[in-house]
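Trainee: This is the structure I want to talk about, given as structure tokens.
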Amino acid sequence: MMKARIGGYQGPHSVHTRGMKALSSMLLELDTRFDVEEHLDVTREGMAARDLFEGLETGAFDIGYLASGYMTERVPELGLMDIPFLVSDRRKACAALDSEAGDILCSAFERKTGMKLLGFWDNGLRHITNRKRPVRCAADCEGLVIRTLDNRFYQETLRSMGFTPVVTDVKDLVTAVETGKVDAQENPLTNLVRFGMHRFHHHVSETGHIFGVALCVVNAQYFAALDETARDALVASARYATLIQREIAEREDQETRAILQRERIEIVPRENIDIAEFLRLTAKVRTRITSRLSPNLVEVFAEVVI
């Protein structure tokens, strides 16, 4: 038997958890020699999300996922996905990641980490939610402390928009929102609802300021040690899970929006937000990110997305 320790950091209803369940089910179907050990929410085992990311490199975990934004400092090419207001169509973005742009990102990721990239998962368009007021323009952002990822470009983007950004780990996010330690947070709608944060944040602004990408990965040494049949089964399982996960993520947007409307949460649609102002305010952030990227990478991605 071949042990496969699969890790995640979100709850049972998460689009990523369901993606991982699809992967593990298919893996067992394609190669019965695998012995799958699931740790689908390490935060319930007393760990931080960061522990999972480190574990995927050290071999404490074999297979898992992580938001690409956590890896930008080590893999500058992933900064492509940090460019604010670049993506408005998730299907086009996924198509670009399945083509030459994705190949470039994959190669860079595998050169600079101890992991192999198995798929680009849909981590949703990130929107702003808060407890105080509707956000439609930069003036509405002033004075709001907003939780975000440990990613300097996310922080610079939000600061440019007028917020005061702070970083918390996923395991501390709900507590920060519930206690009012932060006034606002930014996440796809599915996380807002599945984490229960809509109970405290009654204002949602569909800024779609960043399209989140989650990386489905395997420890590189673990993968190299598998025989060819097992490697093929894992790659095929990840490909299948990627398709399933993206379908779930897209469907979740519609389902969670309906839940928010039913519970009378105020939603400010993108067309009622001053995106032109936010584009102007974040222009320097976009320049800083693109200056770190090869022109070819930006070109092949934009060719499909824009």
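All residue names refer to the structure tokens as shown: chains lettered A, B, ... in order, residues numbered from 1 in each chain, ligands numbered from 1 in order.
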Quick one: DSSP strand (DSSP E) residues in stretch 60-124 of chain A, as an mmCIF file with C-alpha atoms, in the first residue's frame?
Mentor:
```cif
data_model
loop_
_atom_site.group_PDB
_atom_site.id
_atom_site.type_symbol
_atom_site.label_atom_id
_atom_site.label_comp_id
_atom_site.auth_asym_id
_atom_site.auth_seq_id
_atom_site.Cartn_x
_atom_site.Cartn_y
_atom_site.Cartn_z
ATOM 1 C CA ILE A 63 -1.147 16.219 -1.432
ATOM 2 C CA GLY A 64 -3.082 19.411 -0.762
ATOM 3 C CA TYR A 65 -3.920 22.914 -1.916
ATOM 4 C CA LEU A 66 -2.892 26.455 -1.090
ATOM 5 C CA ALA A 67 -3.938 29.895 -2.296
ATOM 6 C CA MET A 115 6.205 20.800 -4.762
ATOM 7 C CA LYS A 116 4.743 19.733 -8.095
ATOM 8 C CA LEU A 117 1.696 21.606 -9.378
ATOM 9 C CA LEU A 118 -1.205 19.344 -10.343
ATOM 10 C CA GLY A 119 -3.907 21.886 -11.171
ATOM 11 C CA PHE A 120 -5.162 25.456 -10.929
ATOM 12 C CA TRP A 121 -8.337 25.606 -8.841
ATOM 13 C CA ASP A 122 -10.962 28.350 -8.811
ATOM 14 C CA ASN A 123 -10.605 30.303 -5.568
ATOM 15 C CA GLY A 124 -13.252 32.803 -6.632
#
```
Trainee: Got a sec: who's within 10 Å of A:Phe278, counting only C-alpha atoms, leaving out chain neighbours fewer than 4 positions off, as a ChimeraX atom specification?
Mentor: /A:84-85,136-138,157-158,160-162,207,209,273-274,282-283
Trainee: Give me the stretch 19-52 of chain A side of the contact with stretch 233-243 of chain A, cut-off 8 Å, one line per residue showing its nearest atom pair and distance in Å at one decimal, counting only C-alpha atoms, sorted by chain and residue number, as a tab-separated table.
Mentor:
```
residue	atom	partner	partner_atom	distance
A:Gly19	CA	A:Ala241	CA	5.4
A:Met20	CA	A:Ala241	CA	7.0
A:Ala22	CA	A:Ala241	CA	5.3
A:Leu23	CA	A:Ala241	CA	4.9
A:Ser24	CA	A:Ser237	CA	7.5
A:Met26	CA	A:Ser237	CA	5.4
A:Leu27	CA	A:Ser237	CA	5.4
A:Leu30	CA	A:Ala233	CA	5.7
A:Asp31	CA	A:Ala233	CA	6.4
```
Trainee: With stretch 38-47 of chain A as the partner and 12 Å as the cut-off, tabulate the residues of stretch 137-253 of chain A that qualify, each row holding the nearest pair of atoms and their distance in Å to one decimal, using only C-alpha atoms, sorted by chain and rising number, as JSON lines.
Mentor:
```
{"residue": "A:Asp169", "atom": "CA", "partner": "A:Thr43", "partner_atom": "CA", "distance": 9.7}
{"residue": "A:Val170", "atom": "CA", "partner": "A:Thr43", "partner_atom": "CA", "distance": 8.0}
{"residue": "A:Lys171", "atom": "CA", "partner": "A:Thr43", "partner_atom": "CA", "distance": 5.7}
{"residue": "A:Asp172", "atom": "CA", "partner": "A:Thr43", "partner_atom": "CA", "distance": 9.3}
{"residue": "A:Leu173", "atom": "CA", "partner": "A:Thr43", "partner_atom": "CA", "distance": 11.2}
```
Trainee: Please produce an output containing C-alpha atoms for each residue in the selection, written as a compact mmCIF listing (two decimals), in the first residue's frame.
Mentor:
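And here is the file that came out, result08.txt:
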```txt
# COMPACT_ATOMS: atom_id res chain seq x y z
CA ASP A 169 -4.42 33.25 9.43
CA VAL A 170 -7.51 31.46 8.15
CA LYS A 171 -8.03 29.79 11.53
CA ASP A 172 -8.39 33.23 13.19
CA LEU A 173 -10.49 34.87 10.45
```
Trainee: What does the structure give for the distance between atom CA of A:Phe200 and atom CA of A:Arg262, in Å to one decimal?
Mentor: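 It comes out at 15.4 Å.
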Trainee: Between atom CA of A:Gly208 and atom CA of A:Thr190, what is the distance in Å, rounded to a tenth?
Mentor: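 Distance between the two atoms: 13.2 Å.
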Trainee: Show which residues sit within 10 Å of A:Gly59, as a VMD selection string. Count only C-alpha atoms, and ignore same-chain residues fewer than 2 positions away.
Mentor: chain A and resid 5 54 to 57 61 to 63 114 to 115 218 to 222
Trainee: Could you check how far atom CA of A:Ser99 sits from atom CA of A:Thr58, in Å to one decimal?
Mentor: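 Separation of atom CA of A:Ser99 and atom CA of A:Thr58: 29.4 Å.
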Trainee: Please list as a list in words every residue within 10 Å of A:Asn296, counting only C-alpha atoms and excluding residues in the same chain fewer than 6 positions away.
Mentor: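 Selected residues are Glu100, Ala101, Ile104 and Ala302 of chain A.
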Trainee: Residues as selected, N, CA and C atoms, written as a compact mmCIF listing (two decimals), in the first residue's frame, can you do that?
Mentor:
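Result file result_9.txt:
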```txt
# COMPACT_ATOMS: atom_id res chain seq x y z
N GLU A 100 -0.71 28.24 -22.31
CA GLU A 100 0.72 28.57 -22.18
C GLU A 100 1.04 29.33 -20.90
N ALA A 101 0.16 30.24 -20.49
CA ALA A 101 0.42 30.99 -19.26
C ALA A 101 0.54 30.04 -18.06
N ILE A 104 3.88 28.25 -17.98
CA ILE A 104 4.96 29.11 -17.47
C ILE A 104 4.91 29.16 -15.94
N ALA A 302 -3.09 37.73 -20.85
CA ALA A 302 -4.04 38.77 -21.26
C ALA A 302 -4.68 38.44 -22.59
```
Trainee: Which is closest to A:Phe53 among A:Gly8, A:Glu29, A:Thr129, A:Ile289, if we use only C-alpha atoms?
Mentor: A:Gly8
Trainee: If DSSP is run on the backbone, what residues of stretch 93-161 of chain A are helix (DSSP H, G or I)? A reply as an MDAnalysis selection string would be ideal.
Mentor: chainID A and resid 93:97 100:112 138:141 152:161
Trainee: Set the distance at 8 Å and use only C-alpha atoms: which residues neighbour A:Val145 once local chain neighbours fewer than 6 positions away are removed? I'd like the list as a list of chain:residue names.
Mentor: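 Here the answer would be A:Phe163, A:Thr164, A:Pro165, A:Val166, A:Val182, A:Asp183, A:Ala184.
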Trainee: Of the residues A:Phe34, A:His13, A:Ala96, A:Arg280, which is the one nearest to A:Asp227, using only C-alpha atoms?
Mentor: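 Closest to A:Asp227 of all the choices is A:Phe34.
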Trainee: Between A:Val285, A:Leu78, A:Ile128, A:Val213, which is the closest to A:Lys112 once you count only C-alpha atoms?
Mentor: A:Leu78
Trainee: Hey, which of A:Ala225, A:Val36, A:Val177, A:Ala214 ends up closest to A:Ser68? Count only C-alpha atoms.
Mentor: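 Checking each of A:Ala225, A:Val36, A:Val177, A:Ala214 against A:Ser68, counting only C-alpha atoms, the winner is A:Ala214.
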Trainee: Counting only C-alpha atoms, what is within 10 Å of A:Asn191, bar same-chain residues fewer than 2 positions away, as a list in words?
Mentor: Gln10, Gly11, His13, Ser14, Val15, Asn123, Gly124, Arg126, Glu186, Asn187, Pro188, Leu189, Val193, Arg194, Phe195, Gly196, Met197, His198, Glu252, Asp253 and Thr256 of chain A
Trainee: Keeping only C-alpha atoms, write the selected residues as an mmCIF file, in the first residue's frame.
Mentor:
```
data_model
loop_
_atom_site.group_PDB
_atom_site.id
_atom_site.type_symbol
_atom_site.label_atom_id
_atom_site.label_comp_id
_atom_site.auth_asym_id
_atom_site.auth_seq_id
_atom_site.Cartn_x
_atom_site.Cartn_y
_atom_site.Cartn_z
ATOM 1 C CA GLN A 10 -11.264 24.717 5.061
ATOM 2 C CA GLY A 11 -14.485 23.174 6.343
ATOM 3 C CA HIS A 13 -18.656 22.499 2.612
ATOM 4 C CA SER A 14 -15.695 24.339 1.089
ATOM 5 C CA VAL A 15 -15.279 24.166 -2.691
ATOM 6 C CA ASN A 123 -10.605 30.303 -5.568
ATOM 7 C CA GLY A 124 -13.252 32.803 -6.632
ATOM 8 C CA ARG A 126 -12.652 38.296 -4.155
ATOM 9 C CA GLU A 186 -12.213 40.181 1.376
ATOM 10 C CA ASN A 187 -13.079 36.739 0.070
ATOM 11 C CA PRO A 188 -15.219 35.008 -2.537
ATOM 12 C CA LEU A 189 -18.907 34.827 -1.607
ATOM 13 C CA VAL A 193 -21.307 32.223 3.720
ATOM 14 C CA ARG A 194 -19.604 28.885 4.449
ATOM 15 C CA PHE A 195 -17.521 30.487 7.233
ATOM 16 C CA GLY A 196 -20.668 32.149 8.600
ATOM 17 C CA MET A 197 -19.229 35.663 8.359
ATOM 18 C CA HIS A 198 -22.425 37.016 6.783
ATOM 19 C CA GLU A 252 -21.397 28.198 -5.366
ATOM 20 C CA ASP A 253 -21.395 31.847 -6.398
ATOM 21 C CA THR A 256 -24.380 31.756 -1.896
#
```
